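Novice: Just passing along the structure, written as structure tokens.
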Amino acid sequence: MPSSPQIGEPQFAGSPETSNSFVKALVSIALVWAFDAMDFSILTFVLIDIIKDYHVPLTLAAAVSSATTFARLGGGFLGGLLGDAAGRKIGLIISIIWFSVFECLTGFSIGFSLLFIVRILYGIGMGAMYANGTPMLMEMMPAKWRGFASGLMQSGFSFGYIFAAILYRVWYNDLGWHNLFFIACVPAVLVAIYIGRALPESRRWKQAHDTQTKRIPISSIFGKGRTWNTVHATLIAIIAFSVTYPINTFYATLLKEDGHFSTDVVANTIIILNVAGILGNLIGGWVSDSIGRRWTLVISSIGTAASSFVFLHIANQADRDIFTFLIGFFSIGGVWSVIPTYLAEHFPTSVRSTGQGTTYHIGAALGGAIVPLIVSSVASSVGGLAAAMTYSVAIASVLVIIFASLWRESKGEALE
């Protein structure tokens, strides 16, 4: 760690106003990510309904989620440009309003084609939200706490999945799947209003913007020796998505189709998965500030690979619950606990939103969209969906270990 912080490095001690901003940013951005994830996750609970209502096969129904994830790449790039040029705060607010509008419109989708289009537009807002919210949070946190903040923020995705499971369990049978999206679109708008009123702009972005004599080109994420940083960030994002998205996309469907479990059992299992993910994110983020980002990724990947056979043993309740918890703790939790700060530490402030938003969402497009399609496509030839999920998660876990060893340890570094 540098002996003295770089210009703009946030200072916590003795600065109550600044510490208050830390807390506001951490809570509000984590909540936005949670409500964003809640909507994204609801779709995984209703894939069977989409198949039945619109008379489409599983692969085509899963393509809705994949199309959303592809659209996040465009949103991450465009939202990143906006955040680097006009500020993280305005980019964050615009993105929240955008995805909330199309979240609501999802409930009005009366045909598969309309649903497909609406979810693509929703994905643009989701991508832009991450491209602005995550860099803003990382820039506002002291270096020694960035790992924990990263884990806490990332745990919002698991909270969102739990919120989706609760919505599904409580209202699905009475209201149907369309109405779930009308309910889900409200909370994020309320948080956007709060952010507009209470959250300051990133001081680090303001300093970089005020001292910048000319517009920084996008190509700078590849300049000054940063090419490997950008390539590595992209590869890590692709593999991290490949670890978790087969789980997020298909676990509820596997429980319903192969296990023939009730709505309560499906919801409870997904809740276990994501409670474990929350704990894994919090502990993993804290651990990464102690032993480093690299070892946190390695240990978490080993745990994920070791528990990936849970999908082959869902019929046994004890095995299902125990190993659902473990794979949630290590994959949704541990692996992902470091990703927000890990990617932020790959880029300078002048292009952090563009760099982080783009590389993260290339990962989402390739690992989060294509890998689930591959899993669904090969399932019949490898012994079923459970086997395909097991193989894909285990292979991706090994790749995380390999690529985590190919970049420097960035724990405690002041952001450039």
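Letters A, B, ... go to the chains of the structure tokens in the order shown; residues in each chain start at 1; ligands are counted from 1 in the same order.
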Using only C-alpha atoms, which residues sit within 12 Å of Trp98 (chain A) once same-chain residues fewer than 4 positions away are excluded, as a CSV table (one decimal) with N, CA, C and O atoms, in the first residue's frame?

Specialist:
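Generated output (around38.csv):
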chain,number,residue,atom,x,y,z
A,36,ASP,N,-32.8,-4.1,-8.8
A,36,ASP,CA,-32.5,-4.5,-10.2
A,36,ASP,C,-32.4,-6.0,-10.4
A,36,ASP,O,-33.0,-6.6,-11.3
A,75,GLY,N,-25.8,-1.2,-22.7
A,75,GLY,CA,-26.1,-0.2,-21.6
A,75,GLY,C,-24.8,0.1,-20.8
A,75,GLY,O,-24.6,1.2,-20.3
A,79,GLY,N,-23.8,3.7,-20.8
A,79,GLY,CA,-23.9,4.3,-19.5
A,79,GLY,C,-22.5,4.7,-18.9
A,79,GLY,O,-22.4,5.7,-18.2
A,91,GLY,N,-25.7,9.6,-14.3
A,91,GLY,CA,-25.8,8.4,-15.0
A,91,GLY,C,-26.5,7.3,-14.3
A,91,GLY,O,-27.3,6.6,-14.8
A,92,LEU,N,-26.3,7.3,-12.9
A,92,LEU,CA,-27.0,6.3,-12.1
A,92,LEU,C,-28.5,6.5,-12.0
A,92,LEU,O,-29.3,5.6,-12.2
A,93,ILE,N,-28.9,7.8,-11.8
A,93,ILE,CA,-30.3,8.1,-11.7
A,93,ILE,C,-31.1,7.8,-13.0
A,93,ILE,O,-32.1,7.2,-13.1
A,94,ILE,N,-30.5,8.2,-14.2
A,94,ILE,CA,-31.1,8.0,-15.5
A,94,ILE,C,-31.3,6.5,-15.7
A,94,ILE,O,-32.3,6.0,-16.2
A,102,PHE,N,-39.1,-0.1,-18.0
A,102,PHE,CA,-39.2,-1.3,-18.8
A,102,PHE,C,-39.5,-2.5,-18.0
A,102,PHE,O,-40.0,-3.5,-18.5
A,103,GLU,N,-39.2,-2.5,-16.7
A,103,GLU,CA,-39.6,-3.5,-15.8
A,103,GLU,C,-41.1,-3.5,-15.7
A,103,GLU,O,-41.7,-4.6,-15.7
A,104,CYS,N,-41.7,-2.4,-15.6
A,104,CYS,CA,-43.1,-2.2,-15.5
A,104,CYS,C,-43.8,-2.7,-16.8
A,104,CYS,O,-44.8,-3.5,-16.8
A,105,LEU,N,-43.2,-2.3,-17.9
A,105,LEU,CA,-43.8,-2.7,-19.2
A,105,LEU,C,-43.7,-4.2,-19.5
A,105,LEU,O,-44.4,-4.7,-20.3
A,118,VAL,N,-39.1,-5.8,-24.9
A,118,VAL,CA,-39.1,-5.0,-23.7
A,118,VAL,C,-37.9,-5.4,-22.8
A,118,VAL,O,-37.3,-4.6,-22.1
A,119,ARG,N,-37.6,-6.7,-22.7
A,119,ARG,CA,-36.5,-7.2,-21.9
A,119,ARG,C,-35.1,-6.7,-22.4
A,119,ARG,O,-34.2,-6.5,-21.7
A,120,ILE,N,-35.0,-6.6,-23.7
A,120,ILE,CA,-33.8,-6.0,-24.3
A,120,ILE,C,-33.6,-4.6,-23.8
A,120,ILE,O,-32.5,-4.2,-23.4
A,121,LEU,N,-34.7,-3.8,-23.9
A,121,LEU,CA,-34.6,-2.4,-23.5
A,121,LEU,C,-34.4,-2.3,-22.0
A,121,LEU,O,-33.7,-1.4,-21.5
A,122,TYR,N,-35.0,-3.2,-21.2
A,122,TYR,CA,-34.7,-3.3,-19.8
A,122,TYR,C,-33.2,-3.5,-19.5
A,122,TYR,O,-32.6,-2.9,-18.7
A,123,GLY,N,-32.6,-4.4,-20.3
A,123,GLY,CA,-31.2,-4.7,-20.1
A,123,GLY,C,-30.3,-3.6,-20.3
A,123,GLY,O,-29.2,-3.5,-19.7
A,124,ILE,N,-30.6,-2.6,-21.2
A,124,ILE,CA,-29.8,-1.4,-21.4
A,124,ILE,C,-29.7,-0.6,-20.1
A,124,ILE,O,-28.6,-0.2,-19.7
A,125,GLY,N,-30.8,-0.5,-19.4
A,125,GLY,CA,-30.8,0.3,-18.2
A,125,GLY,C,-30.1,-0.5,-17.1
A,125,GLY,O,-29.4,0.1,-16.3
A,126,MET,N,-30.2,-1.8,-17.0
A,126,MET,CA,-29.5,-2.6,-16.0
A,126,MET,C,-28.0,-2.5,-16.2
A,126,MET,O,-27.2,-2.3,-15.2
A,127,GLY,N,-27.5,-2.5,-17.5
A,127,GLY,CA,-26.1,-2.3,-17.7
A,127,GLY,C,-25.6,-1.0,-17.3
A,127,GLY,O,-24.5,-0.8,-16.8
A,128,ALA,N,-26.3,0.1,-17.6
A,128,ALA,CA,-25.9,1.4,-17.3
A,128,ALA,C,-25.9,1.7,-15.8
A,128,ALA,O,-25.1,2.4,-15.3
A,129,MET,N,-26.8,1.0,-15.1
A,129,MET,CA,-26.8,1.2,-13.6
A,129,MET,C,-25.5,0.7,-13.0
A,129,MET,O,-24.9,1.3,-12.2
A,185,CYS,N,-41.4,-3.0,-9.9
A,185,CYS,CA,-40.8,-1.8,-10.5
A,185,CYS,C,-40.8,-0.6,-9.6
A,185,CYS,O,-40.1,0.4,-9.9
A,188,ALA,N,-37.1,0.6,-6.8
A,188,ALA,CA,-35.9,1.2,-7.3
A,188,ALA,C,-36.2,2.7,-7.6
A,188,ALA,O,-35.3,3.5,-7.5
A,189,VAL,N,-37.4,3.0,-8.0
A,189,VAL,CA,-37.7,4.5,-8.3
A,189,VAL,C,-37.6,5.3,-7.0
A,189,VAL,O,-37.1,6.4,-7.0
A,192,ALA,N,-34.0,5.9,-6.3
A,192,ALA,CA,-33.5,6.9,-7.3
A,192,ALA,C,-33.8,8.3,-6.8
A,192,ALA,O,-32.9,9.2,-6.8

Novice: Compile the contact shell of Ala344 (chain A) as an mmCIF file with all heavy atoms, in the first residue's frame: residues with an atom at most 12 Å away, counting only C-alpha atoms, same-chain residues fewer than 5 positions apart removed.

Specialist:
data_model
loop_
_atom_site.group_PDB
_atom_site.id
_atom_site.type_symbol
_atom_site.label_atom_id
_atom_site.label_comp_id
_atom_site.auth_asym_id
_atom_site.auth_seq_id
_atom_site.Cartn_x
_atom_site.Cartn_y
_atom_site.Cartn_z
ATOM 1 N N TYR A 130 -25.066 -0.513 -13.443
ATOM 2 C CA TYR A 130 -23.832 -1.074 -12.888
ATOM 3 C C TYR A 130 -22.628 -0.232 -13.289
ATOM 4 O O TYR A 130 -21.705 -0.028 -12.491
ATOM 5 C CB TYR A 130 -23.649 -2.509 -13.363
ATOM 6 C CG TYR A 130 -22.611 -3.281 -12.581
ATOM 7 C CD1 TYR A 130 -22.979 -4.061 -11.480
ATOM 8 C CD2 TYR A 130 -21.262 -3.233 -12.937
ATOM 9 C CE1 TYR A 130 -22.029 -4.756 -10.760
ATOM 10 C CE2 TYR A 130 -20.311 -3.928 -12.211
ATOM 11 C CZ TYR A 130 -20.694 -4.693 -11.133
ATOM 12 O OH TYR A 130 -19.737 -5.384 -10.409
ATOM 13 N N ALA A 131 -22.634 0.266 -14.519
ATOM 14 C CA ALA A 131 -21.503 1.048 -15.027
ATOM 15 C C ALA A 131 -21.315 2.350 -14.264
ATOM 16 O O ALA A 131 -20.219 2.924 -14.269
ATOM 17 C CB ALA A 131 -21.695 1.338 -16.510
ATOM 18 N N ASN A 132 -22.338 2.842 -13.609
ATOM 19 C CA ASN A 132 -22.235 4.087 -12.846
ATOM 20 C C ASN A 132 -22.215 3.860 -11.338
ATOM 21 O O ASN A 132 -21.440 4.495 -10.627
ATOM 22 C CB ASN A 132 -23.398 5.013 -13.211
ATOM 23 C CG ASN A 132 -23.235 5.634 -14.583
ATOM 24 O OD1 ASN A 132 -22.486 6.578 -14.751
ATOM 25 N ND2 ASN A 132 -23.933 5.089 -15.571
ATOM 26 N N GLY A 133 -23.066 2.952 -10.862
ATOM 27 C CA GLY A 133 -23.164 2.746 -9.423
ATOM 28 C C GLY A 133 -21.919 2.143 -8.812
ATOM 29 O O GLY A 133 -21.447 2.595 -7.754
ATOM 30 N N THR A 134 -21.341 1.130 -9.470
ATOM 31 C CA THR A 134 -20.178 0.455 -8.892
ATOM 32 C C THR A 134 -18.939 1.348 -8.862
ATOM 33 O O THR A 134 -18.293 1.457 -7.814
ATOM 34 C CB THR A 134 -19.886 -0.848 -9.658
ATOM 35 O OG1 THR A 134 -21.061 -1.658 -9.663
ATOM 36 C CG2 THR A 134 -18.753 -1.607 -9.012
ATOM 37 N N PRO A 135 -18.553 2.009 -9.973
ATOM 38 C CA PRO A 135 -17.406 2.916 -9.874
ATOM 39 C C PRO A 135 -17.618 4.037 -8.851
ATOM 40 O O PRO A 135 -16.691 4.410 -8.129
ATOM 41 C CB PRO A 135 -17.293 3.490 -11.297
ATOM 42 C CG PRO A 135 -17.920 2.466 -12.170
ATOM 43 C CD PRO A 135 -19.054 1.901 -11.355
ATOM 44 N N MET A 136 -18.843 4.543 -8.781
ATOM 45 C CA MET A 136 -19.125 5.608 -7.822
ATOM 46 C C MET A 136 -18.854 5.144 -6.399
ATOM 47 O O MET A 136 -18.211 5.831 -5.600
ATOM 48 C CB MET A 136 -20.580 6.059 -7.974
ATOM 49 C CG MET A 136 -20.973 7.208 -7.076
ATOM 50 S SD MET A 136 -22.674 7.731 -7.408
ATOM 51 C CE MET A 136 -22.765 9.204 -6.390
ATOM 52 N N LEU A 137 -19.335 3.935 -6.081
ATOM 53 C CA LEU A 137 -19.139 3.411 -4.734
ATOM 54 C C LEU A 137 -17.664 3.156 -4.457
ATOM 55 O O LEU A 137 -17.150 3.525 -3.395
ATOM 56 C CB LEU A 137 -19.947 2.122 -4.555
ATOM 57 C CG LEU A 137 -19.810 1.431 -3.195
ATOM 58 C CD1 LEU A 137 -20.246 2.352 -2.061
ATOM 59 C CD2 LEU A 137 -20.615 0.134 -3.173
ATOM 60 N N MET A 138 -16.962 2.536 -5.385
ATOM 61 C CA MET A 138 -15.545 2.227 -5.173
ATOM 62 C C MET A 138 -14.715 3.493 -5.020
ATOM 63 O O MET A 138 -13.746 3.536 -4.261
ATOM 64 C CB MET A 138 -15.021 1.386 -6.332
ATOM 65 C CG MET A 138 -15.636 -0.004 -6.444
ATOM 66 S SD MET A 138 -15.442 -1.021 -4.944
ATOM 67 C CE MET A 138 -17.111 -0.972 -4.267
ATOM 68 N N GLU A 139 -15.090 4.559 -5.746
ATOM 69 C CA GLU A 139 -14.353 5.817 -5.659
ATOM 70 C C GLU A 139 -14.607 6.546 -4.349
ATOM 71 O O GLU A 139 -13.786 7.360 -3.922
ATOM 72 C CB GLU A 139 -14.730 6.714 -6.838
ATOM 73 C CG GLU A 139 -14.192 6.224 -8.171
ATOM 74 C CD GLU A 139 -14.805 6.899 -9.380
ATOM 75 O OE1 GLU A 139 -15.626 7.818 -9.188
ATOM 76 O OE2 GLU A 139 -14.478 6.500 -10.510
ATOM 77 N N MET A 140 -15.731 6.265 -3.714
ATOM 78 C CA MET A 140 -16.063 6.955 -2.476
ATOM 79 C C MET A 140 -15.557 6.231 -1.234
ATOM 80 O O MET A 140 -15.543 6.801 -0.151
ATOM 81 C CB MET A 140 -17.585 7.150 -2.378
ATOM 82 C CG MET A 140 -18.153 8.066 -3.452
ATOM 83 S SD MET A 140 -19.943 8.282 -3.366
ATOM 84 C CE MET A 140 -20.100 9.331 -1.917
ATOM 85 N N MET A 141 -15.113 4.971 -1.393
ATOM 86 C CA MET A 141 -14.685 4.186 -0.240
ATOM 87 C C MET A 141 -13.185 4.292 -0.019
ATOM 88 O O MET A 141 -12.410 4.386 -0.967
ATOM 89 C CB MET A 141 -15.058 2.710 -0.452
ATOM 90 C CG MET A 141 -16.545 2.433 -0.471
ATOM 91 S SD MET A 141 -17.405 2.972 1.034
ATOM 92 C CE MET A 141 -16.638 1.911 2.262
ATOM 93 N N ALA A 143 -9.472 2.898 0.568
ATOM 94 C CA ALA A 143 -8.861 1.720 -0.046
ATOM 95 C C ALA A 143 -8.937 0.497 0.860
ATOM 96 O O ALA A 143 -9.188 -0.612 0.398
ATOM 97 C CB ALA A 143 -7.410 2.028 -0.405
ATOM 98 N N ARG A 146 -12.444 -1.164 0.578
ATOM 99 C CA ARG A 146 -13.089 -1.381 -0.709
ATOM 100 C C ARG A 146 -13.552 -2.823 -0.897
ATOM 101 O O ARG A 146 -14.589 -3.070 -1.519
ATOM 102 C CB ARG A 146 -12.163 -0.978 -1.867
ATOM 103 C CG ARG A 146 -12.168 0.496 -2.176
ATOM 104 C CD ARG A 146 -11.718 0.776 -3.596
ATOM 105 N NE ARG A 146 -10.436 0.182 -3.917
ATOM 106 C CZ ARG A 146 -9.258 0.793 -3.778
ATOM 107 N NH1 ARG A 146 -9.213 2.023 -3.288
ATOM 108 N NH2 ARG A 146 -8.152 0.181 -4.116
ATOM 109 N N GLY A 147 -12.781 -3.771 -0.407
ATOM 110 C CA GLY A 147 -13.175 -5.170 -0.543
ATOM 111 C C GLY A 147 -14.476 -5.465 0.170
ATOM 112 O O GLY A 147 -15.374 -6.109 -0.382
ATOM 113 N N SER A 150 -17.268 -3.846 -1.618
ATOM 114 C CA SER A 150 -17.539 -4.623 -2.821
ATOM 115 C C SER A 150 -18.435 -5.814 -2.503
ATOM 116 O O SER A 150 -19.421 -6.081 -3.203
ATOM 117 C CB SER A 150 -16.216 -5.103 -3.427
ATOM 118 O OG SER A 150 -16.434 -5.990 -4.508
ATOM 119 N N ASN A 229 -4.578 -5.143 -18.603
ATOM 120 C CA ASN A 229 -5.572 -4.890 -17.563
ATOM 121 C C ASN A 229 -6.986 -5.047 -18.114
ATOM 122 O O ASN A 229 -7.861 -5.679 -17.507
ATOM 123 C CB ASN A 229 -5.418 -3.472 -16.999
ATOM 124 C CG ASN A 229 -4.219 -3.347 -16.081
ATOM 125 O OD1 ASN A 229 -3.365 -4.224 -16.040
ATOM 126 N ND2 ASN A 229 -4.155 -2.248 -15.350
ATOM 127 N N THR A 230 -7.229 -4.444 -19.285
ATOM 128 C CA THR A 230 -8.561 -4.485 -19.888
ATOM 129 C C THR A 230 -8.918 -5.893 -20.347
ATOM 130 O O THR A 230 -10.037 -6.367 -20.116
ATOM 131 C CB THR A 230 -8.629 -3.505 -21.075
ATOM 132 O OG1 THR A 230 -8.340 -2.182 -20.612
ATOM 133 C CG2 THR A 230 -10.004 -3.528 -21.719
ATOM 134 N N ALA A 233 -9.520 -8.036 -17.196
ATOM 135 C CA ALA A 233 -10.809 -7.714 -16.581
ATOM 136 C C ALA A 233 -11.944 -8.362 -17.359
ATOM 137 O O ALA A 233 -12.901 -8.896 -16.774
ATOM 138 C CB ALA A 233 -11.004 -6.198 -16.527
ATOM 139 N N THR A 234 -11.845 -8.336 -18.687
ATOM 140 C CA THR A 234 -12.869 -8.951 -19.517
ATOM 141 C C THR A 234 -12.935 -10.460 -19.309
ATOM 142 O O THR A 234 -14.020 -11.036 -19.149
ATOM 143 C CB THR A 234 -12.598 -8.651 -21.003
ATOM 144 O OG1 THR A 234 -12.545 -7.236 -21.199
ATOM 145 C CG2 THR A 234 -13.684 -9.242 -21.894
ATOM 146 N N ALA A 237 -14.398 -11.357 -15.922
ATOM 147 C CA ALA A 237 -15.844 -11.138 -15.913
ATOM 148 C C ALA A 237 -16.571 -12.264 -16.645
ATOM 149 O O ALA A 237 -17.600 -12.769 -16.168
ATOM 150 C CB ALA A 237 -16.173 -9.792 -16.555
ATOM 151 N N VAL A 338 -15.531 -10.087 -4.701
ATOM 152 C CA VAL A 338 -14.423 -9.190 -5.044
ATOM 153 C C VAL A 338 -14.577 -8.523 -6.411
ATOM 154 O O VAL A 338 -13.816 -7.601 -6.733
ATOM 155 C CB VAL A 338 -13.077 -9.951 -5.021
ATOM 156 C CG1 VAL A 338 -12.849 -10.586 -3.672
ATOM 157 C CG2 VAL A 338 -13.018 -10.994 -6.121
ATOM 158 N N ILE A 339 -15.532 -8.984 -7.233
ATOM 159 C CA ILE A 339 -15.586 -8.527 -8.622
ATOM 160 C C ILE A 339 -15.782 -7.008 -8.749
ATOM 161 O O ILE A 339 -15.086 -6.369 -9.554
ATOM 162 C CB ILE A 339 -16.674 -9.279 -9.404
ATOM 163 C CG1 ILE A 339 -16.317 -10.770 -9.508
ATOM 164 C CG2 ILE A 339 -16.861 -8.684 -10.793
ATOM 165 C CD1 ILE A 339 -15.017 -11.055 -10.228
ATOM 166 N N THR A 349 -9.492 6.569 -13.063
ATOM 167 C CA THR A 349 -10.758 7.257 -12.811
ATOM 168 C C THR A 349 -11.362 7.850 -14.075
ATOM 169 O O THR A 349 -12.580 7.823 -14.268
ATOM 170 C CB THR A 349 -10.547 8.374 -11.772
ATOM 171 O OG1 THR A 349 -10.106 7.787 -10.552
ATOM 172 C CG2 THR A 349 -11.828 9.147 -11.523
ATOM 173 N N SER A 350 -10.532 8.360 -14.978
ATOM 174 C CA SER A 350 -11.033 9.061 -16.154
ATOM 175 C C SER A 350 -11.877 8.182 -17.062
ATOM 176 O O SER A 350 -12.738 8.677 -17.789
ATOM 177 C CB SER A 350 -9.866 9.657 -16.958
ATOM 178 O OG SER A 350 -8.956 8.634 -17.338
ATOM 179 N N VAL A 351 -11.634 6.872 -17.035
ATOM 180 C CA VAL A 351 -12.406 5.954 -17.895
ATOM 181 C C VAL A 351 -12.928 4.760 -17.098
ATOM 182 O O VAL A 351 -13.224 3.723 -17.669
ATOM 183 C CB VAL A 351 -11.558 5.453 -19.093
ATOM 184 C CG1 VAL A 351 -11.288 6.566 -20.078
ATOM 185 C CG2 VAL A 351 -10.256 4.811 -18.618
ATOM 186 N N ARG A 352 -13.071 4.916 -15.778
ATOM 187 C CA ARG A 352 -13.467 3.758 -14.965
ATOM 188 C C ARG A 352 -14.880 3.297 -15.292
ATOM 189 O O ARG A 352 -15.137 2.090 -15.372
ATOM 190 C CB ARG A 352 -13.337 4.094 -13.470
ATOM 191 C CG ARG A 352 -13.663 2.888 -12.565
ATOM 192 C CD ARG A 352 -13.215 3.092 -11.131
ATOM 193 N NE ARG A 352 -11.758 3.143 -11.079
ATOM 194 C CZ ARG A 352 -11.070 4.196 -10.696
ATOM 195 N NH1 ARG A 352 -11.705 5.310 -10.337
ATOM 196 N NH2 ARG A 352 -9.753 4.170 -10.681
ATOM 197 N N SER A 353 -15.824 4.204 -15.455
ATOM 198 C CA SER A 353 -17.191 3.789 -15.779
ATOM 199 C C SER A 353 -17.236 3.073 -17.122
ATOM 200 O O SER A 353 -17.877 2.029 -17.265
ATOM 201 C CB SER A 353 -18.132 5.001 -15.806
ATOM 202 O OG SER A 353 -18.550 5.337 -14.511
ATOM 203 N N THR A 354 -16.548 3.634 -18.120
ATOM 204 C CA THR A 354 -16.530 3.003 -19.441
ATOM 205 C C THR A 354 -15.818 1.658 -19.391
ATOM 206 O O THR A 354 -16.320 0.651 -19.907
ATOM 207 C CB THR A 354 -15.838 3.912 -20.465
ATOM 208 O OG1 THR A 354 -16.502 5.179 -20.497
ATOM 209 C CG2 THR A 354 -15.878 3.285 -21.849
ATOM 210 N N GLY A 355 -14.640 1.626 -18.765
ATOM 211 C CA GLY A 355 -13.871 0.396 -18.697
ATOM 212 C C GLY A 355 -14.557 -0.686 -17.905
ATOM 213 O O GLY A 355 -14.697 -1.833 -18.361
ATOM 214 N N GLN A 356 -15.007 -0.332 -16.704
ATOM 215 C CA GLN A 356 -15.658 -1.334 -15.861
ATOM 216 C C GLN A 356 -17.005 -1.750 -16.434
ATOM 217 O O GLN A 356 -17.343 -2.927 -16.467
ATOM 218 C CB GLN A 356 -15.825 -0.799 -14.441
ATOM 219 C CG GLN A 356 -16.409 -1.839 -13.480
ATOM 220 C CD GLN A 356 -16.242 -1.438 -12.027
ATOM 221 O OE1 GLN A 356 -15.896 -0.302 -11.709
ATOM 222 N NE2 GLN A 356 -16.484 -2.372 -11.129
ATOM 223 N N GLY A 357 -17.780 -0.771 -16.900
ATOM 224 C CA GLY A 357 -19.090 -1.096 -17.458
ATOM 225 C C GLY A 357 -18.995 -1.972 -18.687
ATOM 226 O O GLY A 357 -19.786 -2.897 -18.874
ATOM 227 N N THR A 358 -17.994 -1.713 -19.536
ATOM 228 C CA THR A 358 -17.862 -2.482 -20.765
ATOM 229 C C THR A 358 -17.334 -3.882 -20.499
ATOM 230 O O THR A 358 -17.891 -4.877 -20.994
ATOM 231 C CB THR A 358 -16.929 -1.758 -21.757
ATOM 232 O OG1 THR A 358 -17.461 -0.452 -22.029
ATOM 233 C CG2 THR A 358 -16.813 -2.538 -23.057
ATOM 234 N N THR A 359 -16.257 -4.002 -19.737
ATOM 235 C CA THR A 359 -15.684 -5.330 -19.499
ATOM 236 C C THR A 359 -16.630 -6.217 -18.692
ATOM 237 O O THR A 359 -16.767 -7.413 -18.981
ATOM 238 C CB THR A 359 -14.334 -5.225 -18.783
ATOM 239 O OG1 THR A 359 -14.487 -4.507 -17.542
ATOM 240 C CG2 THR A 359 -13.319 -4.482 -19.641
ATOM 241 N N TYR A 360 -17.280 -5.638 -17.696
ATOM 242 C CA TYR A 360 -18.239 -6.401 -16.897
ATOM 243 C C TYR A 360 -19.361 -6.957 -17.775
ATOM 244 O O TYR A 360 -19.754 -8.118 -17.657
ATOM 245 C CB TYR A 360 -18.812 -5.505 -15.799
ATOM 246 C CG TYR A 360 -19.921 -6.131 -14.973
ATOM 247 C CD1 TYR A 360 -19.618 -6.864 -13.831
ATOM 248 C CD2 TYR A 360 -21.262 -5.975 -15.319
ATOM 249 C CE1 TYR A 360 -20.628 -7.439 -13.065
ATOM 250 C CE2 TYR A 360 -22.266 -6.541 -14.566
ATOM 251 C CZ TYR A 360 -21.945 -7.270 -13.429
ATOM 252 O OH TYR A 360 -22.954 -7.827 -12.685
ATOM 253 N N SER A 410 -4.126 -6.480 -6.075
ATOM 254 C CA SER A 410 -4.415 -5.045 -6.033
ATOM 255 C C SER A 410 -5.008 -4.600 -4.701
ATOM 256 O O SER A 410 -5.450 -3.455 -4.563
ATOM 257 C CB SER A 410 -5.383 -4.667 -7.168
ATOM 258 O OG SER A 410 -6.547 -5.466 -7.135
ATOM 259 N N LYS A 411 -5.018 -5.484 -3.714
ATOM 260 C CA LYS A 411 -5.561 -5.133 -2.400
ATOM 261 C C LYS A 411 -4.849 -3.910 -1.825
ATOM 262 O O LYS A 411 -3.626 -3.831 -1.798
ATOM 263 C CB LYS A 411 -5.354 -6.323 -1.443
ATOM 264 C CG LYS A 411 -5.725 -6.049 0.016
ATOM 265 C CD LYS A 411 -5.467 -7.258 0.886
ATOM 266 C CE LYS A 411 -4.007 -7.513 1.123
ATOM 267 N NZ LYS A 411 -3.427 -6.527 2.083
ATOM 268 N N GLU A 413 -4.531 -0.908 -2.888
ATOM 269 C CA GLU A 413 -3.986 0.123 -3.773
ATOM 270 C C GLU A 413 -4.906 1.332 -3.828
ATOM 271 O O GLU A 413 -6.134 1.196 -3.836
ATOM 272 C CB GLU A 413 -3.831 -0.437 -5.199
ATOM 273 C CG GLU A 413 -2.732 -1.466 -5.357
ATOM 274 C CD GLU A 413 -2.584 -1.901 -6.801
ATOM 275 O OE1 GLU A 413 -3.385 -1.444 -7.648
ATOM 276 O OE2 GLU A 413 -1.681 -2.704 -7.073
ATOM 277 N N ALA A 414 -4.303 2.535 -3.872
ATOM 278 C CA ALA A 414 -5.101 3.738 -4.135
ATOM 279 C C ALA A 414 -5.517 3.740 -5.585
ATOM 280 O O ALA A 414 -4.730 3.394 -6.462
ATOM 281 C CB ALA A 414 -4.285 4.988 -3.808
ATOM 282 N N LEU A 415 -6.767 4.106 -5.843
ATOM 283 C CA LEU A 415 -7.239 4.128 -7.218
ATOM 284 C C LEU A 415 -6.493 5.190 -8.007
ATOM 285 O O LEU A 415 -6.273 6.296 -7.543
ATOM 286 C CB LEU A 415 -8.748 4.406 -7.261
ATOM 287 C CG LEU A 415 -9.639 3.327 -6.649
ATOM 288 C CD1 LEU A 415 -11.108 3.757 -6.729
ATOM 289 C CD2 LEU A 415 -9.469 1.985 -7.365
ATOM 290 N N GLU A 416 -6.128 4.829 -9.234
ATOM 291 C CA GLU A 416 -5.349 5.716 -10.100
ATOM 292 C C GLU A 416 -6.199 6.911 -10.538
ATOM 293 O O GLU A 416 -7.340 6.745 -10.903
ATOM 294 C CB GLU A 416 -4.887 4.945 -11.338
ATOM 295 C CG GLU A 416 -4.037 5.744 -12.294
ATOM 296 C CD GLU A 416 -3.648 4.929 -13.498
ATOM 297 O OE1 GLU A 416 -3.828 3.694 -13.472
ATOM 298 O OE2 GLU A 416 -3.180 5.525 -14.489
#

Novice: Measuring between only C-alpha atoms, which one of A:Ile314, A:Thr106, A:Ile270, A:Val231 shows the shortest distance to Asp258 (chain A)?

Specialist: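 Result for the nearest residue to Asp258 (chain A): A:Ile314.
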
Novice: Any idea what's packed within 8 Å of Ile271 (chain A), counting only C-alpha atoms, ignoring anything in its chain fewer than 6 positions away? Could you give it as a VMD selection string?

Specialist: chain A and resid 161 to 162 165

Novice: Residues of the last selection are to be written out with all heavy atoms, as a compact mmCIF listing (two decimals), in the first residue's frame.

Specialist:
# COMPACT_ATOMS: atom_id res chain seq x y z
N TYR A 161 -32.51 -11.65 -5.45
CA TYR A 161 -33.02 -12.99 -5.75
C TYR A 161 -33.97 -13.45 -4.66
O TYR A 161 -35.02 -14.06 -4.91
CB TYR A 161 -31.85 -13.96 -5.89
CG TYR A 161 -32.04 -15.03 -6.94
CD1 TYR A 161 -30.97 -15.49 -7.70
CD2 TYR A 161 -33.29 -15.61 -7.17
CE1 TYR A 161 -31.13 -16.48 -8.66
CE2 TYR A 161 -33.46 -16.59 -8.12
CZ TYR A 161 -32.38 -17.02 -8.86
OH TYR A 161 -32.55 -18.01 -9.80
N ILE A 162 -33.64 -13.13 -3.40
CA ILE A 162 -34.51 -13.49 -2.28
C ILE A 162 -35.82 -12.71 -2.37
O ILE A 162 -36.92 -13.27 -2.16
CB ILE A 162 -33.81 -13.22 -0.93
CG1 ILE A 162 -32.66 -14.22 -0.75
CG2 ILE A 162 -34.80 -13.33 0.22
CD1 ILE A 162 -31.81 -13.94 0.46
N ALA A 165 -37.88 -14.37 -4.88
CA ALA A 165 -38.44 -15.62 -4.37
C ALA A 165 -39.63 -15.37 -3.45
O ALA A 165 -40.64 -16.10 -3.48
CB ALA A 165 -37.35 -16.42 -3.63
